[in-house]
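Data file: my_file_8.txt. Format and content: compact mmCIF, C-alpha atoms.
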```txt
# COMPACT_ATOMS: atom_id res chain seq x y z
CA MET A 251 109.56 88.92 86.68
CA ASN A 252 106.67 90.97 85.36
CA ALA A 253 103.06 89.84 85.59
CA ALA A 254 100.78 89.76 82.57
CA LEU A 255 97.08 89.03 82.13
CA GLU A 256 94.66 87.05 79.99
CA GLN A 257 90.88 86.87 79.83
CA ARG A 258 88.63 84.06 78.72
CA THR A 259 84.93 83.20 78.93
CA LEU A 260 83.37 79.87 79.84
CA SER A 261 79.83 79.17 78.73
CA ILE A 262 78.00 76.59 80.84
CA ARG A 263 74.63 75.08 80.01
CA THR A 264 72.70 74.29 83.19
CA ASN A 265 69.83 71.85 83.54
CA GLY A 266 67.81 73.10 86.52
CA ARG A 267 68.85 73.91 90.09
CA SER A 268 72.14 72.17 90.88
CA LEU A 269 75.83 72.57 91.63
CA ILE A 270 78.03 72.04 88.57
CA PRO A 271 81.77 71.31 89.03
CA LEU A 272 83.96 73.83 87.17
CA GLY A 273 87.45 72.83 88.29
CA GLU A 274 88.35 70.83 85.20
CA LYS A 275 87.27 73.62 82.80
CA VAL A 276 89.16 76.28 84.77
CA GLN A 277 92.23 74.04 84.82
CA GLY A 278 91.90 73.66 81.02
CA ALA A 279 91.86 77.45 80.56
CA LEU A 280 94.93 77.67 82.77
CA GLN A 281 96.79 75.11 80.68
CA ALA A 282 95.92 77.02 77.49
CA SER A 283 97.49 80.16 78.99
CA PRO A 284 101.21 81.02 79.04
CA PHE A 285 101.25 81.24 82.85
CA THR A 286 102.72 78.84 85.36
CA ARG A 287 101.80 80.70 88.54
CA GLY A 288 99.45 83.48 89.52
CA LEU A 289 95.82 84.20 90.33
CA CYS A 290 92.72 83.13 88.42
CA THR A 291 89.60 85.21 89.15
CA LEU A 292 86.21 83.81 88.16
CA PHE A 293 83.22 86.09 87.72
CA VAL A 294 79.70 84.89 86.95
CA ALA A 295 77.76 87.49 84.95
CA HIS A 296 74.33 86.60 86.42
CA THR A 297 72.19 87.37 89.46
CA SER A 298 70.45 84.00 89.83
CA ALA A 299 73.51 81.76 89.61
CA SER A 300 76.63 81.97 91.76
CA LEU A 301 80.05 80.51 92.52
CA LEU A 302 80.98 78.31 95.45
CA ILE A 303 83.97 76.37 96.69
CA ASN A 304 83.05 73.36 98.76
CA GLU A 305 83.56 69.62 99.25
CA GLY A 306 83.51 67.80 95.91
CA ALA A 307 84.21 64.22 96.99
CA ASP A 308 80.96 63.08 98.67
CA PRO A 309 77.89 64.02 96.54
CA GLU A 310 75.84 64.12 99.77
CA VAL A 311 77.55 67.43 100.62
CA THR A 312 76.12 69.32 97.63
CA ARG A 313 72.71 67.70 98.30
CA ASP A 314 72.89 68.89 101.92
CA LEU A 315 73.90 72.38 100.77
CA GLU A 316 70.88 72.37 98.48
CA ARG A 317 68.59 71.20 101.33
CA PHE A 318 69.93 73.87 103.67
CA PHE A 319 69.47 76.73 101.19
CA ALA A 320 66.00 75.46 100.18
CA ARG A 321 64.96 75.66 103.85
CA LEU A 322 66.68 79.01 104.51
CA VAL A 323 65.28 80.72 101.39
CA PRO A 324 62.04 78.89 100.53
CA ASP A 325 60.66 79.08 96.99
CA GLY A 326 57.36 80.95 96.97
CA ASP A 327 58.02 82.67 100.32
CA PRO A 328 55.21 85.29 100.70
CA LEU A 329 57.85 87.71 102.05
CA PHE A 330 59.04 88.27 98.47
CA LEU A 331 57.26 90.69 96.16
CA HIS A 332 59.59 90.26 93.17
CA ARG A 333 57.99 87.20 91.56
CA ALA A 334 58.04 88.16 87.86
CA GLU A 335 59.63 84.88 86.79
CA GLY A 336 57.95 82.61 89.35
CA PRO A 337 58.42 81.27 92.90
CA ASP A 338 62.17 80.59 92.42
CA ASP A 339 62.94 84.07 91.04
CA MET A 340 63.66 86.05 94.22
CA PRO A 341 65.06 83.03 96.15
CA ALA A 342 67.64 82.74 93.33
CA HIS A 343 68.71 86.35 93.94
CA VAL A 344 68.96 85.80 97.72
CA ARG A 345 70.95 82.57 97.31
CA THR A 346 73.29 84.48 94.97
CA ALA A 347 73.67 87.24 97.61
CA LEU A 348 74.57 84.62 100.26
CA THR A 349 77.24 82.95 98.11
CA GLN A 350 79.79 84.35 95.61
CA THR A 351 79.75 86.22 92.32
CA SER A 352 83.56 86.44 92.13
CA LEU A 353 86.22 84.03 93.40
CA SER A 354 90.01 84.24 93.18
CA LEU A 355 92.01 81.01 92.99
CA PRO A 356 95.81 80.83 93.21
CA PHE A 357 97.72 78.55 90.86
CA ALA A 358 101.32 77.34 90.78
CA ASN A 359 103.25 74.97 88.48
CA GLY A 360 100.39 75.39 85.99
CA THR A 361 97.86 73.85 88.42
CA LEU A 362 95.07 75.34 90.56
CA SER A 363 96.17 75.30 94.20
CA LEU A 364 92.94 73.77 95.52
CA GLY A 365 92.83 71.78 98.75
CA THR A 366 92.34 68.00 98.66
CA TRP A 367 88.55 68.20 99.14
CA GLN A 368 87.87 71.46 97.30
CA GLU A 369 85.86 71.75 94.10
CA VAL A 370 84.77 75.00 92.39
CA PHE A 371 81.07 74.96 91.57
CA LEU A 372 78.69 77.01 89.49
CA TRP A 373 75.44 77.01 91.47
CA GLU A 374 72.40 77.28 89.22
CA HIS A 375 69.58 78.59 91.44
CA ARG A 376 66.75 78.55 88.87
CA HIS A 377 64.70 75.46 88.08
CA ALA A 378 64.68 76.14 84.32
CA PRO A 379 67.80 75.43 82.20
CA HIS A 380 70.01 78.44 81.45
CA THR A 381 73.25 79.25 79.64
CA ARG A 382 75.61 80.88 82.13
CA SER A 383 78.64 82.94 81.28
CA ILE A 384 81.71 82.90 83.55
CA SER A 385 84.63 85.16 82.82
CA LEU A 386 88.18 84.21 83.83
CA THR A 387 90.89 86.79 84.41
CA LEU A 388 94.33 85.21 84.76
CA ILE A 389 97.09 87.37 86.22
CA GLY A 390 100.32 85.45 86.11
CA GLU A 391 103.93 84.84 85.28
CA ALA A 392 105.36 82.58 82.60
CA THR A 393 108.53 81.05 84.06
CA MET B 82 105.47 100.75 86.51
CA ASN B 83 105.01 97.04 85.94
CA ALA B 84 103.30 94.77 88.43
CA ALA B 85 104.92 91.56 89.64
CA LEU B 86 103.70 88.73 91.84
CA GLU B 87 104.74 86.57 94.78
CA GLN B 88 103.16 83.60 96.50
CA ARG B 89 103.49 82.39 100.06
CA THR B 90 101.72 79.91 102.34
CA LEU B 91 100.68 80.43 105.94
CA SER B 92 100.12 77.39 108.11
CA ILE B 93 97.79 77.96 111.07
CA ARG B 94 97.19 75.49 113.88
CA THR B 95 93.62 75.80 115.17
CA ASN B 96 92.33 74.66 118.53
CA GLY B 97 88.63 73.99 118.00
CA ARG B 98 85.86 76.19 116.62
CA SER B 99 86.93 79.84 116.80
CA LEU B 100 87.90 82.96 114.88
CA ILE B 101 91.67 83.44 114.68
CA PRO B 102 93.10 86.88 113.77
CA LEU B 103 95.38 86.73 110.70
CA GLY B 104 96.14 90.40 110.11
CA GLU B 105 99.55 90.42 111.76
CA LYS B 106 100.76 87.35 109.84
CA VAL B 107 99.52 88.73 106.52
CA GLN B 108 101.21 92.05 107.29
CA GLY B 109 104.43 90.13 108.03
CA ALA B 110 104.30 88.40 104.64
CA LEU B 111 103.74 91.78 103.02
CA GLN B 112 106.80 93.24 104.74
CA ALA B 113 108.91 90.30 103.59
CA SER B 114 107.88 91.02 99.97
CA PRO B 115 109.45 93.64 97.68
CA PHE B 116 106.08 95.40 97.18
CA THR B 117 104.90 98.70 98.58
CA ARG B 118 101.41 98.76 97.04
CA GLY B 119 99.09 96.28 95.42
CA LEU B 120 96.60 93.53 96.18
CA CYS B 121 97.00 90.60 98.58
CA THR B 122 94.64 87.69 97.90
CA LEU B 123 94.14 85.09 100.65
CA PHE B 124 92.83 81.63 99.82
CA VAL B 125 92.05 78.96 102.41
CA ALA B 126 92.55 75.46 100.97
CA HIS B 127 89.81 73.82 103.08
CA THR B 128 86.05 73.27 103.05
CA SER B 129 85.41 73.40 106.80
CA ALA B 130 87.32 76.58 107.60
CA SER B 131 86.83 79.98 105.99
CA LEU B 132 87.95 83.61 105.86
CA LEU B 133 86.12 86.59 107.28
CA ILE B 134 86.68 90.29 107.73
CA ASN B 135 84.86 91.73 110.70
CA GLU B 136 85.20 93.82 113.87
CA GLY B 137 88.35 92.90 115.77
CA ALA B 138 88.24 95.37 118.66
CA ASP B 139 85.42 94.05 120.91
CA PRO B 140 85.75 90.26 121.46
CA GLU B 141 81.97 90.14 122.00
CA VAL B 142 81.55 90.61 118.23
CA THR B 143 83.23 87.31 117.29
CA ARG B 144 81.31 85.58 120.12
CA ASP B 145 78.04 86.98 118.72
CA LEU B 146 79.03 85.87 115.20
CA GLU B 147 79.65 82.40 116.61
CA ARG B 148 76.26 82.40 118.41
CA PHE B 149 74.44 83.53 115.28
CA PHE B 150 76.02 80.88 113.04
CA ALA B 151 75.48 78.15 115.67
CA ARG B 152 71.76 79.01 115.68
CA LEU B 153 71.50 79.36 111.88
CA VAL B 154 73.35 76.11 111.12
CA PRO B 155 72.87 73.85 114.16
CA ASP B 156 75.32 71.01 114.79
CA GLY B 157 73.55 67.67 114.44
CA ASP B 158 70.67 69.10 112.38
CA PRO B 159 68.68 66.06 111.13
CA LEU B 160 68.38 67.83 107.75
CA PHE B 161 71.98 66.85 107.00
CA LEU B 162 72.84 63.39 105.68
CA HIS B 163 76.60 63.98 105.33
CA ARG B 164 77.72 63.14 108.88
CA ALA B 165 80.83 61.05 108.23
CA GLU B 166 82.95 63.09 110.64
CA GLY B 167 80.27 63.86 113.22
CA PRO B 168 77.56 66.44 113.99
CA ASP B 169 79.80 69.44 113.13
CA ASP B 170 80.88 68.04 109.72
CA MET B 171 78.13 69.34 107.43
CA PRO B 172 77.53 72.53 109.47
CA ALA B 173 81.21 73.35 108.87
CA HIS B 174 80.67 73.06 105.09
CA VAL B 175 77.54 75.27 105.23
CA ARG B 176 79.27 77.90 107.38
CA THR B 177 82.13 77.89 104.85
CA ALA B 178 79.60 78.38 102.01
CA LEU B 179 78.07 81.37 103.83
CA THR B 180 81.42 83.11 104.41
CA GLN B 181 84.59 83.37 102.26
CA THR B 182 87.19 81.03 100.80
CA SER B 183 89.07 83.86 99.05
CA LEU B 184 89.52 87.50 100.07
CA SER B 185 91.42 90.30 98.34
CA LEU B 186 92.96 93.05 100.46
CA PRO B 187 94.55 96.22 99.07
CA PHE B 188 97.81 97.49 100.51
CA ALA B 189 99.71 100.76 100.16
CA ASN B 190 102.95 102.09 101.68
CA GLY B 191 103.75 98.50 102.63
CA THR B 192 100.68 98.27 104.90
CA LEU B 193 97.31 96.50 104.55
CA SER B 194 94.62 99.12 103.87
CA LEU B 195 92.20 97.81 106.50
CA GLY B 196 89.61 100.04 108.13
CA THR B 197 89.98 101.09 111.78
CA TRP B 198 87.79 98.26 113.11
CA GLN B 199 88.62 95.57 110.57
CA GLU B 200 90.46 92.36 111.35
CA VAL B 201 91.00 89.42 108.95
CA PHE B 202 90.04 86.12 110.56
CA LEU B 203 90.47 82.46 109.82
CA TRP B 204 87.25 80.83 111.00
CA GLU B 205 87.77 77.27 112.16
CA HIS B 206 84.35 75.59 111.97
CA ARG B 207 85.31 72.16 113.33
CA HIS B 208 85.50 71.36 117.04
CA ALA B 209 88.70 69.30 116.69
CA PRO B 210 92.08 71.02 116.21
CA HIS B 211 93.32 71.22 112.61
CA THR B 212 96.28 72.59 110.68
CA ARG B 213 94.96 75.01 108.06
CA SER B 214 96.81 76.19 104.99
CA ILE B 215 96.25 79.70 103.63
CA SER B 216 97.90 80.78 100.42
CA LEU B 217 98.78 84.42 99.77
CA THR B 218 99.16 85.82 96.27
CA LEU B 219 100.66 89.31 96.27
CA ILE B 220 100.34 91.34 93.08
CA GLY B 221 102.20 94.57 93.51
CA GLU B 222 104.67 97.25 92.65
CA ALA B 223 108.03 97.98 94.29
CA THR B 224 108.43 101.76 94.30
CA MET C 292 102.01 92.78 77.46
CA ASN C 293 102.86 93.63 81.05
CA ALA C 294 100.24 94.37 83.67
CA ALA C 295 100.36 97.48 85.83
CA LEU C 296 98.25 98.69 88.74
CA GLU C 297 96.46 101.74 90.07
CA GLN C 298 94.65 102.49 93.32
CA ARG C 299 91.85 104.93 94.03
CA THR C 300 89.39 105.59 96.84
CA LEU C 301 85.68 106.28 96.55
CA SER C 302 83.96 108.06 99.39
CA ILE C 303 80.21 107.40 99.63
CA ARG C 304 77.82 109.24 101.92
CA THR C 305 75.00 106.92 103.02
CA ASN C 306 71.63 107.95 104.35
CA GLY C 307 70.47 105.05 106.52
CA ARG C 308 70.10 101.34 105.75
CA SER C 309 69.91 100.85 101.98
CA LEU C 310 71.60 99.47 98.88
CA ILE C 311 73.46 102.16 96.91
CA PRO C 312 74.42 101.51 93.25
CA LEU C 313 78.18 101.90 92.65
CA GLY C 314 78.54 100.78 89.04
CA GLU C 315 78.66 104.23 87.52
CA LYS C 316 81.33 105.49 89.95
CA VAL C 317 83.47 102.39 89.43
CA GLN C 318 83.12 102.77 85.68
CA GLY C 319 84.23 106.42 86.04
CA ALA C 320 87.38 105.38 87.92
CA LEU C 321 88.06 102.84 85.18
CA GLN C 322 87.76 105.48 82.49
CA ALA C 323 90.17 107.76 84.37
CA SER C 324 92.76 104.94 84.38
CA PRO C 325 95.11 104.05 81.51
CA PHE C 326 93.75 100.49 81.34
CA THR C 327 91.52 98.93 78.72
CA ARG C 328 91.24 95.44 80.20
CA GLY C 329 91.95 93.80 83.53
CA LEU C 330 90.52 93.29 86.98
CA CYS C 331 89.02 95.88 89.33
CA THR C 332 88.93 94.86 93.00
CA LEU C 333 86.67 96.79 95.37
CA PHE C 334 87.27 96.72 99.09
CA VAL C 335 85.03 98.37 101.68
CA ALA C 336 86.99 99.46 104.76
CA HIS C 337 84.12 98.94 107.23
CA THR C 338 82.49 96.18 109.27
CA SER C 339 78.89 97.41 109.16
CA ALA C 340 78.62 98.06 105.41
CA SER C 341 79.32 95.57 102.63
CA LEU C 342 79.45 94.98 98.89
CA LEU C 343 76.94 93.04 96.83
CA ILE C 344 76.28 92.24 93.20
CA ASN C 345 72.63 91.66 92.43
CA GLU C 346 69.75 92.61 90.17
CA GLY C 347 69.63 96.36 89.59
CA ALA C 348 66.69 96.70 87.19
CA ASP C 349 63.63 96.06 89.39
CA PRO C 350 63.81 98.07 92.66
CA GLU C 351 61.62 95.38 94.29
CA VAL C 352 64.67 93.07 94.30
CA THR C 353 66.72 95.25 96.66
CA ARG C 354 63.61 95.76 98.82
CA ASP C 355 63.14 91.97 98.99
CA LEU C 356 66.83 91.51 99.84
CA GLU C 357 66.37 94.03 102.66
CA ARG C 358 63.22 92.21 103.91
CA PHE C 359 64.99 88.86 103.84
CA PHE C 360 68.04 90.07 105.76
CA ALA C 361 65.87 91.96 108.29
CA ARG C 362 64.04 88.68 109.02
CA LEU C 363 67.20 86.55 109.07
CA VAL C 364 69.17 88.93 111.33
CA PRO C 365 66.60 90.87 113.37
CA ASP C 366 67.57 94.20 114.90
CA GLY C 367 67.54 93.94 118.69
CA ASP C 368 67.82 90.13 118.71
CA PRO C 369 68.44 89.16 122.38
CA LEU C 370 71.01 86.61 121.12
CA PHE C 371 73.45 89.48 120.59
CA LEU C 372 75.51 90.89 123.48
CA HIS C 373 77.47 93.46 121.43
CA ARG C 374 74.98 96.35 121.49
CA ALA C 375 77.29 99.29 122.15
CA GLU C 376 75.85 101.34 119.28
CA GLY C 377 72.26 100.15 119.50
CA PRO C 378 69.95 97.38 118.21
CA ASP C 379 71.32 97.55 114.62
CA ASP C 380 75.00 97.34 115.69
CA MET C 381 75.57 93.57 115.79
CA PRO C 382 73.05 92.81 112.99
CA ALA C 383 75.16 95.12 110.77
CA HIS C 384 78.25 93.00 111.52
CA VAL C 385 76.38 89.74 110.78
CA ARG C 386 74.93 91.10 107.52
CA THR C 387 78.46 92.15 106.55
CA ALA C 388 79.72 88.61 107.34
CA LEU C 389 76.99 87.10 105.12
CA THR C 390 77.78 89.35 102.12
CA GLN C 391 81.09 90.71 100.72
CA THR C 392 83.89 92.96 101.89
CA SER C 393 85.90 92.51 98.67
CA LEU C 394 84.69 91.93 95.11
CA SER C 395 86.70 91.51 91.90
CA LEU C 396 85.15 92.66 88.62
CA PRO C 397 86.67 91.99 85.20
CA PHE C 398 86.73 94.75 82.59
CA ALA C 399 87.45 94.79 78.86
CA ASN C 400 87.43 97.55 76.22
CA GLY C 401 87.47 100.05 79.09
CA THR C 402 84.09 98.78 80.40
CA LEU C 403 83.09 96.65 83.41
CA SER C 404 82.09 93.20 82.17
CA LEU C 405 78.85 93.06 84.19
CA GLY C 406 75.91 90.92 83.10
CA THR C 407 72.74 92.54 81.75
CA TRP C 408 70.96 92.56 85.12
CA GLN C 409 73.95 93.07 87.40
CA GLU C 410 74.56 96.13 89.53
CA VAL C 411 77.32 96.58 92.14
CA PHE C 412 75.94 97.88 95.43
CA LEU C 413 77.30 99.30 98.64
CA TRP C 414 75.00 97.95 101.34
CA GLU C 415 74.74 100.31 104.30
CA HIS C 416 73.56 98.18 107.23
CA ARG C 417 73.30 100.93 109.87
CA HIS C 418 70.24 103.16 110.26
CA ALA C 419 72.30 106.30 110.85
CA PRO C 420 74.05 108.08 107.93
CA HIS C 421 77.75 107.26 107.48
CA THR C 422 80.61 108.13 105.16
CA ARG C 423 81.95 104.91 103.69
CA SER C 424 85.32 104.44 102.06
CA ILE C 425 85.76 101.96 99.20
CA SER C 426 89.19 101.32 97.76
CA LEU C 427 89.66 100.28 94.14
CA THR C 428 92.70 98.37 92.95
CA LEU C 429 92.90 98.18 89.16
CA ILE C 430 95.28 95.62 87.67
CA GLY C 431 95.28 96.01 83.92
CA GLU C 432 96.82 96.49 80.54
CA ALA C 433 96.80 99.61 78.40
CA THR C 434 96.46 98.47 74.80
```
Exercise: express the given structure as structure tokens:
Amino acid sequence: MNAALEQRTLSIRTNGRSLIPLGEKVQGALQASPFTRGLCTLFVAHTSASLLINEGADPEVTRDLERFFARLVPDGDPLFLHRAEGPDDMPAHVRTALTQTSLSLPFANGTLSLGTWQEVFLWEHRHAPHTRSISLTLIGEAT
Amino acid sequence: MNAALEQRTLSIRTNGRSLIPLGEKVQGALQASPFTRGLCTLFVAHTSASLLINEGADPEVTRDLERFFARLVPDGDPLFLHRAEGPDDMPAHVRTALTQTSLSLPFANGTLSLGTWQEVFLWEHRHAPHTRSISLTLIGEAT
Amino acid sequence: MNAALEQRTLSIRTNGRSLIPLGEKVQGALQASPFTRGLCTLFVAHTSASLLINEGADPEVTRDLERFFARLVPDGDPLFLHRAEGPDDMPAHVRTALTQTSLSLPFANGTLSLGTWQEVFLWEHRHAPHTRSISLTLIGEAT
């Protein structure tokens, strides 16, 4: 059977540095599509927010991820000369470089094929609230 | 010509923290498909194992990668509060965050288009053996 | 409408460690294709050069990225035993592991759907000049 494609955009309002679960919204877009199996590619159109798949069950995991990245890429590090938007400006770009801007998720039977413990997150790296745009490209089959 | 898609699952038994070459198994799945060219997307359905493309010729490279990540994300780091499964639990999640959960590989003439030195690895980040599931989505053309 | 696919290769001559903008060349390949919307997957066939999406407007950002990675993965680090090609050999592999070998970019109306500040870069991690091969797989619709 031939594959077809669809595109959609999610708009997510963030409220400071944090990891925001996206799985339910992506699953919703999938259900609104004609496809039962295929590949869903997420792309975040920003350079100070990124995508991440990690453990979604214990909230201590995302807090530990945040602690690790805050230590690895400290806000206000004198190494950084790009500080136009403040001490979290360049760290946000580095954290984005170390994680993902695009992610491809398989789906089957109309459902994302995530593992038991996996959640898809948008990671807002800035302390100020932002509106983040995530584009979804679904390549799939309707069976 | 129209594109079509196929999905498959690889199951890999790991034997403690290590990098396990996947290229041959992925190539096998490709050969079992009707496609001669296209894109093969790997997705590992876990949060303490990840995917990586790196040098596969000199085994010292994967040992150096292991040494670097062990220093960057130390087991038992007191920074981490998520320790339910032991000192390598949270480091495994961080190492997964710093590498890949999904990877897309082009293929042509029925063969993965990897560079001379490239190998695709599953990186088991836990010290205990696990069975890891990797899904393959092939989007391709049969010529 | 059915999806189809095309593959192309970009060859990029690098001139020592640096981030080289690719957006214009990828956009050119898009325009030479029959597709108006879809997904463009880049794959770099090397283990000491990688792909990155980050801020392309202020050149201080790429300089800061370079400073950060030079501090995180120092050339000549005695931790590394793989030094066949010199002090930047293994650091180039680690920097590749920490960034991307494949990247999937959506496009619509014949144009890459990048955010305002986003640029796609090839990151050459070696100090010597190299010729780097990047394969493009376009999966799209012609409307």
**Prompt:** Using all atoms listed in the file, which residue out of A:Ala282, A:Leu289, A:Ile270, A:Leu255 lies closest to Ala433 in chain C?
**Reply:** A:Leu255
**Asked** Which distance in Å separates CA of Asp145 in chain B and CA of Ala383 in chain C, to one decimal?
**Response** 11.7 Å
**Message:** For a test of reading the model, state the distance in Å between CA of Val154 in chain B and CA of Leu195 in chain B, rounded to one decimal.
**Reply:** 29.1 Å
**Prompt:** Could you list as JSON, numbers by chain every residue that has an atom within 9 Å of (106.2, 73.0, 89.2), using the file's coordinates and counting all atoms listed in the file?
**Reply:** {"A": [286, 287, 358, 359, 360, 361]}
**Message:** Distance cut-off 8 Å, counting only C-alpha atoms - which residues of chain C neighbour chain B? Return them as an NGL selection string.
**Reply:** :C and (293-296 or 298 or 332 or 334 or 336-338 or 370-373 or 381 or 384-385 or 387-390 or 392-394 or 426 or 428)
**Message:** So that I can see what lies close to Arg423 in chain C, please list as a PyMOL selection string the residues with an atom at most 12 Å from it, counting all atoms listed in the file and leaving out residues fewer than 5 positions away in the same chain.
**Reply:** (chain B and resi 196) or (chain C and resi 300-307+311+334-342+413-417)
